[in-house]
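One file, start12.pdb, is given below (PDB, C-alpha atoms).
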```
MODEL        1
ATOM      1  CA  MET A1159     -81.574-111.736  90.579  1.00  0.00           C
ATOM      2  CA  THR A1160     -82.605-113.622  87.484  1.00  0.00           C
ATOM      3  CA  ASP A1161     -81.800-112.327  84.023  1.00  0.00           C
ATOM      4  CA  ALA A1162     -85.449-111.312  83.618  1.00  0.00           C
ATOM      5  CA  ALA A1163     -85.429-109.455  86.926  1.00  0.00           C
ATOM      6  CA  ASP A1164     -82.160-107.760  85.988  1.00  0.00           C
ATOM      7  CA  ALA A1165     -83.634-106.665  82.671  1.00  0.00           C
ATOM      8  CA  GLN A1166     -86.767-105.358  84.384  1.00  0.00           C
ATOM      9  CA  ALA A1167     -84.721-103.434  86.955  1.00  0.00           C
ATOM     10  CA  SER A1168     -82.567-101.952  84.205  1.00  0.00           C
ATOM     11  CA  LEU A1169     -85.626-100.902  82.212  1.00  0.00           C
ATOM     12  CA  GLU A1170     -87.227 -99.350  85.307  1.00  0.00           C
ATOM     13  CA  ALA A1171     -84.046 -97.376  86.005  1.00  0.00           C
ATOM     14  CA  MET A1172     -84.015 -96.049  82.437  1.00  0.00           C
ATOM     15  CA  LEU A1173     -87.691 -95.207  82.675  1.00  0.00           C
ATOM     16  CA  LYS A1174     -87.158 -93.303  85.921  1.00  0.00           C
ATOM     17  CA  ASP A1175     -84.438 -91.221  84.258  1.00  0.00           C
ATOM     18  CA  GLU A1176     -86.642 -90.543  81.230  1.00  0.00           C
ATOM     19  CA  ILE A1177     -89.656 -89.541  83.352  1.00  0.00           C
ATOM     20  CA  ILE A1178     -87.520 -87.137  85.364  1.00  0.00           C
ATOM     21  CA  ARG A1179     -86.003 -85.700  82.182  1.00  0.00           C
ATOM     22  CA  MET A1180     -89.294 -85.282  80.320  1.00  0.00           C
ATOM     23  CA  TYR A1181     -91.328 -83.686  83.093  1.00  0.00           C
ATOM     24  CA  GLN A1182     -88.395 -81.524  84.196  1.00  0.00           C
ATOM     25  CA  GLU A1183     -88.312 -80.269  80.609  1.00  0.00           C
ATOM     26  CA  VAL A1184     -92.032 -79.443  80.754  1.00  0.00           C
ATOM     27  CA  ALA A1185     -91.410 -77.454  83.930  1.00  0.00           C
ATOM     28  CA  ASP A1186     -88.260 -75.732  82.696  1.00  0.00           C
ATOM     29  CA  LYS A1187     -89.336 -75.092  79.100  1.00  0.00           C
ATOM     30  CA  PRO A1188     -93.142 -74.983  79.087  1.00  0.00           C
ATOM     31  CA  GLN A1189     -93.060 -73.285  75.685  1.00  0.00           C
ATOM     32  CA  GLY A1190     -91.663 -76.508  74.209  1.00  0.00           C
ATOM     33  CA  GLU A1191     -93.571 -79.044  72.146  1.00  0.00           C
ATOM     34  CA  PHE A1192     -94.508 -82.404  73.634  1.00  0.00           C
ATOM     35  CA  HIS A1193     -96.689 -85.366  72.665  1.00  0.00           C
ATOM     36  CA  PHE A1194     -99.328 -84.177  75.108  1.00  0.00           C
ATOM     37  CA  PHE A1195    -101.117 -80.898  75.694  1.00  0.00           C
ATOM     38  CA  HIS A1196     -99.835 -79.085  78.731  1.00  0.00           C
ATOM     39  CA  GLY A1197    -100.076 -75.791  80.525  1.00  0.00           C
ATOM     40  CA  ARG A1198    -103.151 -73.588  80.653  1.00  0.00           C
ATOM     41  CA  ASP A1199    -104.501 -74.949  77.364  1.00  0.00           C
ATOM     42  CA  ALA A1200    -104.633 -78.455  78.814  1.00  0.00           C
ATOM     43  CA  ALA A1201    -106.095 -77.327  82.140  1.00  0.00           C
ATOM     44  CA  GLU A1202    -108.822 -75.371  80.362  1.00  0.00           C
ATOM     45  CA  LEU A1203    -109.509 -78.351  78.114  1.00  0.00           C
ATOM     46  CA  PHE A1204    -110.217 -80.391  81.261  1.00  0.00           C
ATOM     47  CA  ASP A1205    -112.484 -77.708  82.740  1.00  0.00           C
ATOM     48  CA  TYR A1206    -110.265 -76.444  85.522  1.00  0.00           C
ATOM     49  CA  ALA A1207    -112.022 -73.404  86.948  1.00  0.00           C
ATOM     50  CA  PRO A1208    -110.610 -70.232  85.340  1.00  0.00           C
ATOM     51  CA  GLU A1209    -110.413 -68.569  88.757  1.00  0.00           C
ATOM     52  CA  TRP A1210    -108.092 -71.372  89.931  1.00  0.00           C
ATOM     53  CA  LEU A1211    -105.845 -70.850  86.909  1.00  0.00           C
ATOM     54  CA  ASP A1212    -105.821 -67.088  87.384  1.00  0.00           C
ATOM     55  CA  ARG A1213    -105.003 -67.429  91.066  1.00  0.00           C
ATOM     56  CA  ALA A1214    -102.248 -70.061  90.842  1.00  0.00           C
ATOM     57  CA  PRO A1215     -98.648 -69.072  90.059  1.00  0.00           C
ATOM     58  CA  PRO A1216     -98.236 -68.833  86.263  1.00  0.00           C
ATOM     59  CA  ALA A1217     -95.281 -71.215  86.331  1.00  0.00           C
ATOM     60  CA  ALA A1218     -97.359 -73.888  88.075  1.00  0.00           C
ATOM     61  CA  VAL A1219    -100.098 -73.526  85.454  1.00  0.00           C
ATOM     62  CA  ALA A1220     -97.597 -73.503  82.564  1.00  0.00           C
ATOM     63  CA  SER A1221     -96.056 -76.754  83.801  1.00  0.00           C
ATOM     64  CA  PHE A1222     -99.352 -78.595  84.177  1.00  0.00           C
ATOM     65  CA  ALA A1223     -99.156 -81.949  82.369  1.00  0.00           C
ATOM     66  CA  GLY A1224    -102.269 -83.781  83.550  1.00  0.00           C
ATOM     67  CA  VAL A1225    -104.684 -85.875  81.505  1.00  0.00           C
ATOM     68  CA  GLY A1226    -107.918 -84.822  83.199  1.00  0.00           C
ATOM     69  CA  ASN A1227    -109.315 -83.090  86.255  1.00  0.00           C
ATOM     70  CA  PRO A1228    -109.190 -85.148  89.468  1.00  0.00           C
ATOM     71  CA  HIS A1229    -110.909 -82.320  91.374  1.00  0.00           C
ATOM     72  CA  GLU A1230    -114.169 -82.893  89.515  1.00  0.00           C
ATOM     73  CA  ARG A1231    -115.026 -85.816  91.776  1.00  0.00           C
ATOM     74  CA  SER A1232    -112.587 -85.528  94.682  1.00  0.00           C
ATOM     75  CA  LYS A1233    -115.161 -83.912  97.008  1.00  0.00           C
ATOM     76  CA  LEU A1234    -112.375 -82.556  99.198  1.00  0.00           C
ATOM     77  CA  ARG A1235    -113.570 -80.998 102.428  1.00  0.00           C
ATOM     78  CA  PRO A1236    -112.002 -78.508 104.840  1.00  0.00           C
ATOM     79  CA  GLY A1237    -109.682 -80.161 107.317  1.00  0.00           C
ATOM     80  CA  GLU A1238    -108.890 -83.233 105.230  1.00  0.00           C
ATOM     81  CA  THR A1239    -105.437 -84.633 104.542  1.00  0.00           C
ATOM     82  CA  VAL A1240    -104.776 -85.201 100.837  1.00  0.00           C
ATOM     83  CA  LEU A1241    -101.969 -86.976  99.025  1.00  0.00           C
ATOM     84  CA  ASP A1242    -101.143 -85.847  95.480  1.00  0.00           C
ATOM     85  CA  LEU A1243     -99.301 -88.767  93.947  1.00  0.00           C
ATOM     86  CA  GLY A1244     -96.886 -87.428  91.335  1.00  0.00           C
ATOM     87  CA  SER A1245     -97.351 -83.815  92.307  1.00  0.00           C
ATOM     88  CA  GLY A1246     -95.120 -82.332  89.605  1.00  0.00           C
ATOM     89  CA  ALA A1247     -94.985 -78.546  89.620  1.00  0.00           C
ATOM     90  CA  GLY A1248     -97.818 -78.449  92.134  1.00  0.00           C
ATOM     91  CA  LEU A1249    -100.968 -77.126  90.439  1.00  0.00           C
ATOM     92  CA  ASP A1250    -103.248 -79.948  91.648  1.00  0.00           C
ATOM     93  CA  ALA A1251    -101.744 -79.833  95.135  1.00  0.00           C
ATOM     94  CA  ILE A1252    -102.305 -76.078  95.313  1.00  0.00           C
ATOM     95  CA  ILE A1253    -105.946 -76.456  94.282  1.00  0.00           C
ATOM     96  CA  ALA A1254    -106.342 -79.243  96.848  1.00  0.00           C
ATOM     97  CA  SER A1255    -104.838 -76.944  99.492  1.00  0.00           C
ATOM     98  CA  TRP A1256    -107.427 -74.300  98.721  1.00  0.00           C
ATOM     99  CA  LEU A1257    -110.192 -76.896  98.995  1.00  0.00           C
ATOM    100  CA  VAL A1258    -109.078 -78.390 102.331  1.00  0.00           C
ATOM    101  CA  GLY A1259    -108.286 -74.967 103.762  1.00  0.00           C
ATOM    102  CA  PRO A1260    -105.895 -73.998 106.546  1.00  0.00           C
ATOM    103  CA  THR A1261    -107.042 -76.837 108.806  1.00  0.00           C
ATOM    104  CA  GLY A1262    -106.285 -79.398 106.114  1.00  0.00           C
ATOM    105  CA  ARG A1263    -102.990 -80.727 104.833  1.00  0.00           C
ATOM    106  CA  VAL A1264    -101.653 -81.601 101.392  1.00  0.00           C
ATOM    107  CA  ILE A1265     -98.755 -83.968 100.871  1.00  0.00           C
ATOM    108  CA  GLY A1266     -97.063 -84.279  97.516  1.00  0.00           C
ATOM    109  CA  VAL A1267     -94.900 -87.153  96.377  1.00  0.00           C
ATOM    110  CA  ASP A1268     -92.704 -86.911  93.311  1.00  0.00           C
ATOM    111  CA  LEU A1269     -89.876 -88.905  91.826  1.00  0.00           C
ATOM    112  CA  ASN A1270     -87.924 -85.737  91.145  1.00  0.00           C
ATOM    113  CA  PRO A1271     -86.615 -83.807  94.188  1.00  0.00           C
ATOM    114  CA  SER A1272     -86.260 -80.586  92.207  1.00  0.00           C
ATOM    115  CA  MET A1273     -89.929 -80.793  91.226  1.00  0.00           C
ATOM    116  CA  CYS A1274     -90.786 -81.118  94.904  1.00  0.00           C
ATOM    117  CA  LEU A1275     -88.872 -77.911  95.629  1.00  0.00           C
ATOM    118  CA  LYS A1276     -90.610 -76.212  92.722  1.00  0.00           C
ATOM    119  CA  ALA A1277     -94.060 -77.361  93.870  1.00  0.00           C
ATOM    120  CA  GLN A1278     -93.423 -76.173  97.415  1.00  0.00           C
ATOM    121  CA  ALA A1279     -92.260 -72.785  96.128  1.00  0.00           C
ATOM    122  CA  HIS A1280     -95.381 -72.501  93.966  1.00  0.00           C
ATOM    123  CA  ALA A1281     -97.544 -73.445  96.947  1.00  0.00           C
ATOM    124  CA  ALA A1282     -95.870 -70.821  99.108  1.00  0.00           C
ATOM    125  CA  ALA A1283     -96.430 -68.210  96.393  1.00  0.00           C
ATOM    126  CA  SER A1284    -100.107 -69.212  96.468  1.00  0.00           C
ATOM    127  CA  GLY A1285    -100.336 -68.617 100.203  1.00  0.00           C
ATOM    128  CA  VAL A1286    -100.602 -72.301 101.095  1.00  0.00           C
ATOM    129  CA  SER A1287     -98.150 -74.898 102.257  1.00  0.00           C
ATOM    130  CA  MET A1288     -97.570 -78.430 101.103  1.00  0.00           C
ATOM    131  CA  ASP A1289     -95.131 -81.059 102.204  1.00  0.00           C
ATOM    132  CA  CYS A1290     -93.522 -82.716  99.235  1.00  0.00           C
ATOM    133  CA  HIS A1291     -91.535 -85.900  99.589  1.00  0.00           C
ATOM    134  CA  GLU A1292     -89.194 -87.324  96.998  1.00  0.00           C
ATOM    135  CA  GLY A1293     -90.240 -90.894  96.466  1.00  0.00           C
ATOM    136  CA  ARG A1294     -91.568 -93.588  94.220  1.00  0.00           C
ATOM    137  CA  MET A1295     -95.234 -94.391  93.893  1.00  0.00           C
ATOM    138  CA  GLU A1296     -94.376 -98.067  94.369  1.00  0.00           C
ATOM    139  CA  ASP A1297     -93.080 -97.214  97.875  1.00  0.00           C
ATOM    140  CA  ILE A1298     -95.013 -94.129  98.933  1.00  0.00           C
ATOM    141  CA  PRO A1299     -93.136 -92.337 101.731  1.00  0.00           C
ATOM    142  CA  VAL A1300     -96.284 -91.764 103.768  1.00  0.00           C
ATOM    143  CA  ALA A1301     -97.527 -93.542 106.896  1.00  0.00           C
ATOM    144  CA  ASP A1302    -100.217 -96.217 106.878  1.00  0.00           C
ATOM    145  CA  ALA A1303    -103.848 -95.048 107.114  1.00  0.00           C
ATOM    146  CA  SER A1304    -102.870 -91.382 107.273  1.00  0.00           C
ATOM    147  CA  VAL A1305    -104.698 -89.631 104.415  1.00  0.00           C
ATOM    148  CA  ASP A1306    -108.366 -89.005 103.662  1.00  0.00           C
ATOM    149  CA  ALA A1307    -108.018 -88.773  99.898  1.00  0.00           C
ATOM    150  CA  VAL A1308    -105.505 -89.530  97.172  1.00  0.00           C
ATOM    151  CA  ILE A1309    -105.527 -87.551  93.969  1.00  0.00           C
ATOM    152  CA  SER A1310    -103.286 -88.223  90.988  1.00  0.00           C
ATOM    153  CA  ASN A1311    -103.199 -87.006  87.433  1.00  0.00           C
ATOM    154  CA  GLY A1312    -101.578 -88.941  84.613  1.00  0.00           C
ATOM    155  CA  VAL A1313     -98.946 -90.640  86.730  1.00  0.00           C
ATOM    156  CA  ILE A1314     -99.803 -94.229  87.618  1.00  0.00           C
ATOM    157  CA  ASN A1315     -99.682 -95.273  83.957  1.00  0.00           C
ATOM    158  CA  LEU A1316     -95.953 -94.536  84.045  1.00  0.00           C
ATOM    159  CA  SER A1317     -95.280 -97.396  86.467  1.00  0.00           C
ATOM    160  CA  PHE A1318     -94.387-100.917  85.370  1.00  0.00           C
ATOM    161  CA  ARG A1319     -95.792-102.162  88.703  1.00  0.00           C
ATOM    162  CA  LYS A1320     -99.303-100.738  88.815  1.00  0.00           C
ATOM    163  CA  ARG A1321    -100.614-103.399  91.205  1.00  0.00           C
ATOM    164  CA  ARG A1322     -97.953-102.389  93.715  1.00  0.00           C
ATOM    165  CA  VAL A1323     -98.906 -98.715  93.277  1.00  0.00           C
ATOM    166  CA  VAL A1324    -102.580 -99.450  93.913  1.00  0.00           C
ATOM    167  CA  GLU A1325    -101.674-101.490  97.002  1.00  0.00           C
ATOM    168  CA  GLU A1326     -99.596 -98.590  98.283  1.00  0.00           C
ATOM    169  CA  VAL A1327    -102.439 -96.132  97.707  1.00  0.00           C
ATOM    170  CA  TYR A1328    -104.724 -98.480  99.650  1.00  0.00           C
ATOM    171  CA  ARG A1329    -102.193 -98.684 102.490  1.00  0.00           C
ATOM    172  CA  VAL A1330    -101.852 -94.938 103.038  1.00  0.00           C
ATOM    173  CA  LEU A1331    -105.602 -94.260 102.963  1.00  0.00           C
ATOM    174  CA  LYS A1332    -107.561 -94.151 106.193  1.00  0.00           C
ATOM    175  CA  PRO A1333    -110.512 -96.547 106.382  1.00  0.00           C
ATOM    176  CA  GLY A1334    -113.274 -94.828 104.452  1.00  0.00           C
ATOM    177  CA  GLY A1335    -110.704 -92.836 102.486  1.00  0.00           C
ATOM    178  CA  ARG A1336    -111.092 -92.368  98.772  1.00  0.00           C
ATOM    179  CA  ILE A1337    -109.281 -91.816  95.515  1.00  0.00           C
ATOM    180  CA  SER A1338    -109.951 -89.488  92.623  1.00  0.00           C
ATOM    181  CA  ILE A1339    -107.523 -90.288  89.869  1.00  0.00           C
ATOM    182  CA  THR A1340    -107.271 -89.396  86.216  1.00  0.00           C
ATOM    183  CA  ASP A1341    -104.960 -91.528  84.161  1.00  0.00           C
ATOM    184  CA  ILE A1342    -104.223 -93.181  80.855  1.00  0.00           C
ATOM    185  CA  VAL A1343    -105.345 -96.739  80.227  1.00  0.00           C
ATOM    186  CA  SER A1344    -104.958 -99.009  77.239  1.00  0.00           C
ATOM    187  CA  ALA A1345    -107.515-101.508  75.985  1.00  0.00           C
ATOM    188  CA  LYS A1346    -104.811-103.598  74.328  1.00  0.00           C
ATOM    189  CA  GLN A1347    -101.451-104.894  75.462  1.00  0.00           C
ATOM    190  CA  LEU A1348     -98.826-102.438  74.263  1.00  0.00           C
ATOM    191  CA  SER A1349     -96.249-103.849  71.897  1.00  0.00           C
ATOM    192  CA  GLN A1350     -92.897-104.880  73.316  1.00  0.00           C
ATOM    193  CA  SER A1351     -91.235-102.151  71.250  1.00  0.00           C
ATOM    194  CA  ILE A1352     -93.224 -99.539  73.208  1.00  0.00           C
ATOM    195  CA  VAL A1353     -92.721-101.247  76.558  1.00  0.00           C
ATOM    196  CA  ASN A1354     -88.976-101.413  75.949  1.00  0.00           C
ATOM    197  CA  ASP A1355     -88.700 -97.777  74.881  1.00  0.00           C
ATOM    198  CA  PRO A1356     -88.544 -95.477  77.933  1.00  0.00           C
ATOM    199  CA  LYS A1357     -89.160 -92.388  75.766  1.00  0.00           C
ATOM    200  CA  LEU A1358     -92.444 -93.773  74.433  1.00  0.00           C
ATOM    201  CA  TRP A1359     -93.502 -95.193  77.813  1.00  0.00           C
ATOM    202  CA  ALA A1360     -92.833 -91.882  79.558  1.00  0.00           C
ATOM    203  CA  SER A1361     -95.056 -90.113  77.018  1.00  0.00           C
TER
ATOM    204  CA  MET B1270    -106.740-100.281  86.570  1.00  0.00           C
ATOM    205  CA  PHE B1271    -110.422-100.841  87.359  1.00  0.00           C
ATOM    206  CA  ARG B1272    -109.736-104.513  88.069  1.00  0.00           C
ATOM    207  CA  LEU B1273    -106.602-103.734  90.066  1.00  0.00           C
ATOM    208  CA  LEU B1274    -108.555-101.384  92.296  1.00  0.00           C
ATOM    209  CA  GLU B1275    -111.210-104.009  92.983  1.00  0.00           C
ATOM    210  CA  GLU B1276    -108.655-106.757  93.572  1.00  0.00           C
ATOM    211  CA  SER B1277    -106.781-104.541  96.020  1.00  0.00           C
ATOM    212  CA  GLY B1278    -109.875-104.160  98.195  1.00  0.00           C
ATOM    213  CA  PHE B1279    -111.363-100.884  97.008  1.00  0.00           C
ATOM    214  CA  THR B1280    -115.138-100.639  96.823  1.00  0.00           C
ATOM    215  CA  ARG B1281    -117.465 -98.361  94.866  1.00  0.00           C
ATOM    216  CA  VAL B1282    -115.000 -98.342  91.993  1.00  0.00           C
ATOM    217  CA  ARG B1283    -116.226 -96.078  89.235  1.00  0.00           C
ATOM    218  CA  SER B1284    -114.607 -94.973  86.012  1.00  0.00           C
ATOM    219  CA  ALA B1285    -115.551 -92.591  83.249  1.00  0.00           C
ATOM    220  CA  VAL B1286    -113.754 -91.583  80.091  1.00  0.00           C
ATOM    221  CA  VAL B1287    -112.238 -88.092  80.012  1.00  0.00           C
ATOM    222  CA  PRO B1288    -113.955 -87.093  76.774  1.00  0.00           C
ATOM    223  CA  LYS B1289    -111.715 -84.196  75.834  1.00  0.00           C
ATOM    224  CA  PHE B1290    -108.405 -85.962  76.251  1.00  0.00           C
ATOM    225  CA  ARG B1291    -106.253 -86.405  73.189  1.00  0.00           C
ATOM    226  CA  PHE B1292    -102.594 -86.291  72.311  1.00  0.00           C
ATOM    227  CA  ARG B1293    -101.332 -83.120  70.708  1.00  0.00           C
ATOM    228  CA  LYS B1294     -99.489 -84.757  67.842  1.00  0.00           C
ATOM    229  CA  SER B1295    -101.688 -86.525  65.327  1.00  0.00           C
ATOM    230  CA  GLU B1296     -99.288 -89.447  64.866  1.00  0.00           C
ATOM    231  CA  THR B1297     -99.307 -90.078  68.609  1.00  0.00           C
ATOM    232  CA  GLN B1298    -103.101 -89.809  68.704  1.00  0.00           C
ATOM    233  CA  ASP B1299    -103.412 -92.261  65.806  1.00  0.00           C
ATOM    234  CA  ALA B1300    -101.139 -94.772  67.515  1.00  0.00           C
ATOM    235  CA  ALA B1301    -103.017 -94.296  70.792  1.00  0.00           C
ATOM    236  CA  GLU B1302    -106.343 -94.989  69.113  1.00  0.00           C
ATOM    237  CA  ALA B1303    -104.953 -98.153  67.567  1.00  0.00           C
ATOM    238  CA  TYR B1304    -104.204 -99.449  71.064  1.00  0.00           C
ATOM    239  CA  GLY B1305    -107.449 -98.214  72.590  1.00  0.00           C
ATOM    240  CA  VAL B1306    -105.554 -95.726  74.727  1.00  0.00           C
ATOM    241  CA  LYS B1307    -107.793 -93.253  76.552  1.00  0.00           C
ATOM    242  CA  ALA B1308    -107.835 -91.096  79.642  1.00  0.00           C
ATOM    243  CA  VAL B1309    -110.205 -92.107  82.406  1.00  0.00           C
ATOM    244  CA  MET B1310    -111.303 -90.705  85.734  1.00  0.00           C
ATOM    245  CA  MET B1311    -111.496 -93.279  88.498  1.00  0.00           C
ATOM    246  CA  THR B1312    -112.966 -92.989  91.944  1.00  0.00           C
ATOM    247  CA  ALA B1313    -113.024 -95.646  94.656  1.00  0.00           C
ATOM    248  CA  VAL B1314    -113.332 -96.000  98.417  1.00  0.00           C
ATOM    249  CA  LYS B1315    -111.313 -97.944 100.973  1.00  0.00           C
ATOM    250  CA  PRO B1316    -113.796 -99.859 103.100  1.00  0.00           C
ATOM    251  CA  GLY B1317    -114.243 -98.953 106.747  1.00  0.00           C
ATOM    252  CA  GLY B1318    -114.646 -95.683 108.566  1.00  0.00           C
ATOM    253  CA  ASP B1319    -117.983 -94.255 109.612  1.00  0.00           C
TER
ENDMDL
END
```

Please express the file's structure as structure tokens.
Amino acid sequence: MTDAADAQASLEAMLKDEIIRMYQEVADKPQGEFHFFHGRDAAELFDYAPEWLDRAPPAAVASFAGVGNPHERSKLRPGETVLDLGSGAGLDAIIASWLVGPTGRVIGVDLNPSMCLKAQAHAAASGVSMDCHEGRMEDIPVADASVDAVISNGVINLSFRKRRVVEEVYRVLKPGGRISITDIVSAKQLSQSIVNDPKLWAS
Amino acid sequence: MFRLLEESGFTRVRSAVVPKFRFRKSETQDAAEAYGVKAVMMTAVKPGGD
């Protein structure tokens, strides 16, 4: 590898550790203070249906750390297969499971294996099942052309290789498949001091 | 992101600002505004199918 590639790989490794640490902290200590709104307050801010929030396991709601509501325009239908990219503690995957019903399927992918276990436990407590795979969004551990819809909430912005992520999302979608994603974008190039600081980038 | 979606082959790419999004801490929100940081909802379709 070149020096630049080495530096990029090192930065990505640090970022991965920081993302796992930060979002694990949200899940483990939802009463804590973070840069972003989280939990029920955030979900209500983004117009999640109150009946969803009442019905979902409290721990899944408390750990919610999204930046919008991908269900507003997902148009999920019974029987569909859905991928939740960066499924976290599972709230969006659980809602998707309710929308696609027992004939549908929801797959979660998360960088953090313990979050996958947590999401699956929350799904089970909600009376639905989800398969959650540990993996990176730059190499989604899902077969080609196998899902009808991809949802994601505040995750893709965390990647240094967004083009690769988008290409992977395209790969796993069936022809005619769709995305409904909420995420953070920036109108200006972030300063190098932010790019080189995993704590700021992960926020 | 909008451009990446189009360049990757997606069609019917749409985006809309999430109007209620903001950071909890004012200093983070101020810095975000300086960089034009915002939350958006994006939808798009992979061509093909019925």

Compute the chain A side of the contact with chain B at 8 Å, counting only C-alpha atoms, and hand it back as a PDB file with C-alpha atoms, in the frame of the given file.
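Generated file (iface28.pdb):
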```
ATOM      1  CA  PHE A1192     -94.508 -82.404  73.634  1.00  0.00           C
ATOM      2  CA  HIS A1193     -96.689 -85.366  72.665  1.00  0.00           C
ATOM      3  CA  PHE A1194     -99.328 -84.177  75.108  1.00  0.00           C
ATOM      4  CA  PHE A1195    -101.117 -80.898  75.694  1.00  0.00           C
ATOM      5  CA  LEU A1203    -109.509 -78.351  78.114  1.00  0.00           C
ATOM      6  CA  PHE A1204    -110.217 -80.391  81.261  1.00  0.00           C
ATOM      7  CA  VAL A1225    -104.684 -85.875  81.505  1.00  0.00           C
ATOM      8  CA  GLY A1226    -107.918 -84.822  83.199  1.00  0.00           C
ATOM      9  CA  ASN A1227    -109.315 -83.090  86.255  1.00  0.00           C
ATOM     10  CA  PRO A1228    -109.190 -85.148  89.468  1.00  0.00           C
ATOM     11  CA  ARG A1231    -115.026 -85.816  91.776  1.00  0.00           C
ATOM     12  CA  SER A1232    -112.587 -85.528  94.682  1.00  0.00           C
ATOM     13  CA  LYS A1320     -99.303-100.738  88.815  1.00  0.00           C
ATOM     14  CA  ARG A1321    -100.614-103.399  91.205  1.00  0.00           C
ATOM     15  CA  VAL A1324    -102.580 -99.450  93.913  1.00  0.00           C
ATOM     16  CA  GLU A1325    -101.674-101.490  97.002  1.00  0.00           C
ATOM     17  CA  TYR A1328    -104.724 -98.480  99.650  1.00  0.00           C
ATOM     18  CA  LEU A1331    -105.602 -94.260 102.963  1.00  0.00           C
ATOM     19  CA  LYS A1332    -107.561 -94.151 106.193  1.00  0.00           C
ATOM     20  CA  PRO A1333    -110.512 -96.547 106.382  1.00  0.00           C
ATOM     21  CA  GLY A1334    -113.274 -94.828 104.452  1.00  0.00           C
ATOM     22  CA  GLY A1335    -110.704 -92.836 102.486  1.00  0.00           C
ATOM     23  CA  ARG A1336    -111.092 -92.368  98.772  1.00  0.00           C
ATOM     24  CA  ILE A1337    -109.281 -91.816  95.515  1.00  0.00           C
ATOM     25  CA  SER A1338    -109.951 -89.488  92.623  1.00  0.00           C
ATOM     26  CA  ILE A1339    -107.523 -90.288  89.869  1.00  0.00           C
ATOM     27  CA  THR A1340    -107.271 -89.396  86.216  1.00  0.00           C
ATOM     28  CA  ASP A1341    -104.960 -91.528  84.161  1.00  0.00           C
ATOM     29  CA  ILE A1342    -104.223 -93.181  80.855  1.00  0.00           C
ATOM     30  CA  VAL A1343    -105.345 -96.739  80.227  1.00  0.00           C
ATOM     31  CA  SER A1344    -104.958 -99.009  77.239  1.00  0.00           C
ATOM     32  CA  ALA A1345    -107.515-101.508  75.985  1.00  0.00           C
ATOM     33  CA  LYS A1346    -104.811-103.598  74.328  1.00  0.00           C
ATOM     34  CA  GLN A1347    -101.451-104.894  75.462  1.00  0.00           C
ATOM     35  CA  LEU A1348     -98.826-102.438  74.263  1.00  0.00           C
TER      36      LEU A1348
END
```

Apply the PyMOL selection byres ((chain A and resi 1292) around 10) to the structure shown and report the selected residues as a PyMOL selection string.
chain A and resi 1244+1266-1275+1290-1291+1293-1295+1298-1299

Saved selection, atoms kept: C-alpha atoms, as an mmCIF file, in the frame of the given file:
```
data_model
loop_
_atom_site.group_PDB
_atom_site.id
_atom_site.type_symbol
_atom_site.label_atom_id
_atom_site.label_comp_id
_atom_site.auth_asym_id
_atom_site.auth_seq_id
_atom_site.Cartn_x
_atom_site.Cartn_y
_atom_site.Cartn_z
ATOM 1 C CA GLY A 1244 -96.886 -87.428 91.335
ATOM 2 C CA GLY A 1266 -97.063 -84.279 97.516
ATOM 3 C CA VAL A 1267 -94.900 -87.153 96.377
ATOM 4 C CA ASP A 1268 -92.704 -86.911 93.311
ATOM 5 C CA LEU A 1269 -89.876 -88.905 91.826
ATOM 6 C CA ASN A 1270 -87.924 -85.737 91.145
ATOM 7 C CA PRO A 1271 -86.615 -83.807 94.188
ATOM 8 C CA SER A 1272 -86.260 -80.586 92.207
ATOM 9 C CA MET A 1273 -89.929 -80.793 91.226
ATOM 10 C CA CYS A 1274 -90.786 -81.118 94.904
ATOM 11 C CA LEU A 1275 -88.872 -77.911 95.629
ATOM 12 C CA CYS A 1290 -93.522 -82.716 99.235
ATOM 13 C CA HIS A 1291 -91.535 -85.900 99.589
ATOM 14 C CA GLY A 1293 -90.240 -90.894 96.466
ATOM 15 C CA ARG A 1294 -91.568 -93.588 94.220
ATOM 16 C CA MET A 1295 -95.234 -94.391 93.893
ATOM 17 C CA ILE A 1298 -95.013 -94.129 98.933
ATOM 18 C CA PRO A 1299 -93.136 -92.337 101.731
#
```

In Å to one decimal, how far is atom CA of Leu1241 of chain A from atom CA of Asp1302 of chain A?
12.3 Å

Let me know the centre plus edge lengths, in Å and rounded to one decimal, of a box with edges along x, y and z that contains all listed atoms of segment 1233-1236 of chain A and is padded by 3 Å on every side, as JSON.
```
{"center_x": -113.6, "center_y": -81.2, "center_z": 100.9, "size_x": 9.2, "size_y": 11.4, "size_z": 13.8}
```

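Take atom CA of Arg1235 of chain A and atom CA of Ile1253 of chain A: the distance between them is 12.0 Å.
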
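Separating atom CA of Tyr1206 of chain A from atom CA of Gln1182 of chain A is a distance of 22.5 Å.
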
When you count all atoms listed in the file, which of these residues is closest to Asp1306 of chain A: A:Ser1284, A:Glu1238, A:Ile1265, A:Ala1200?
A:Glu1238

Quick one: everything within 10 Å of Val1219 of chain A, counting only C-alpha atoms, minus sequence neighbours fewer than 5 positions away in the same chain. Send it as a short mmCIF file (atom, residue, chain, number, x, y, z; two decimals) with C-alpha atoms, in the frame of the given file.
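Saved result, part21.cif, follows:
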```cif
data_model
loop_
_atom_site.label_atom_id
_atom_site.label_comp_id
_atom_site.auth_asym_id
_atom_site.auth_seq_id
_atom_site.Cartn_x
_atom_site.Cartn_y
_atom_site.Cartn_z
CA ALA A 1185 -91.41 -77.45 83.93
CA PRO A 1188 -93.14 -74.98 79.09
CA HIS A 1196 -99.84 -79.08 78.73
CA GLY A 1197 -100.08 -75.79 80.53
CA ARG A 1198 -103.15 -73.59 80.65
CA ASP A 1199 -104.50 -74.95 77.36
CA ALA A 1200 -104.63 -78.46 78.81
CA ALA A 1201 -106.10 -77.33 82.14
CA TRP A 1210 -108.09 -71.37 89.93
CA LEU A 1211 -105.84 -70.85 86.91
CA ASP A 1212 -105.82 -67.09 87.38
CA ARG A 1213 -105.00 -67.43 91.07
CA ALA A 1214 -102.25 -70.06 90.84
CA ALA A 1247 -94.98 -78.55 89.62
CA GLY A 1248 -97.82 -78.45 92.13
CA LEU A 1249 -100.97 -77.13 90.44
CA ASP A 1250 -103.25 -79.95 91.65
CA HIS A 1280 -95.38 -72.50 93.97
#
```
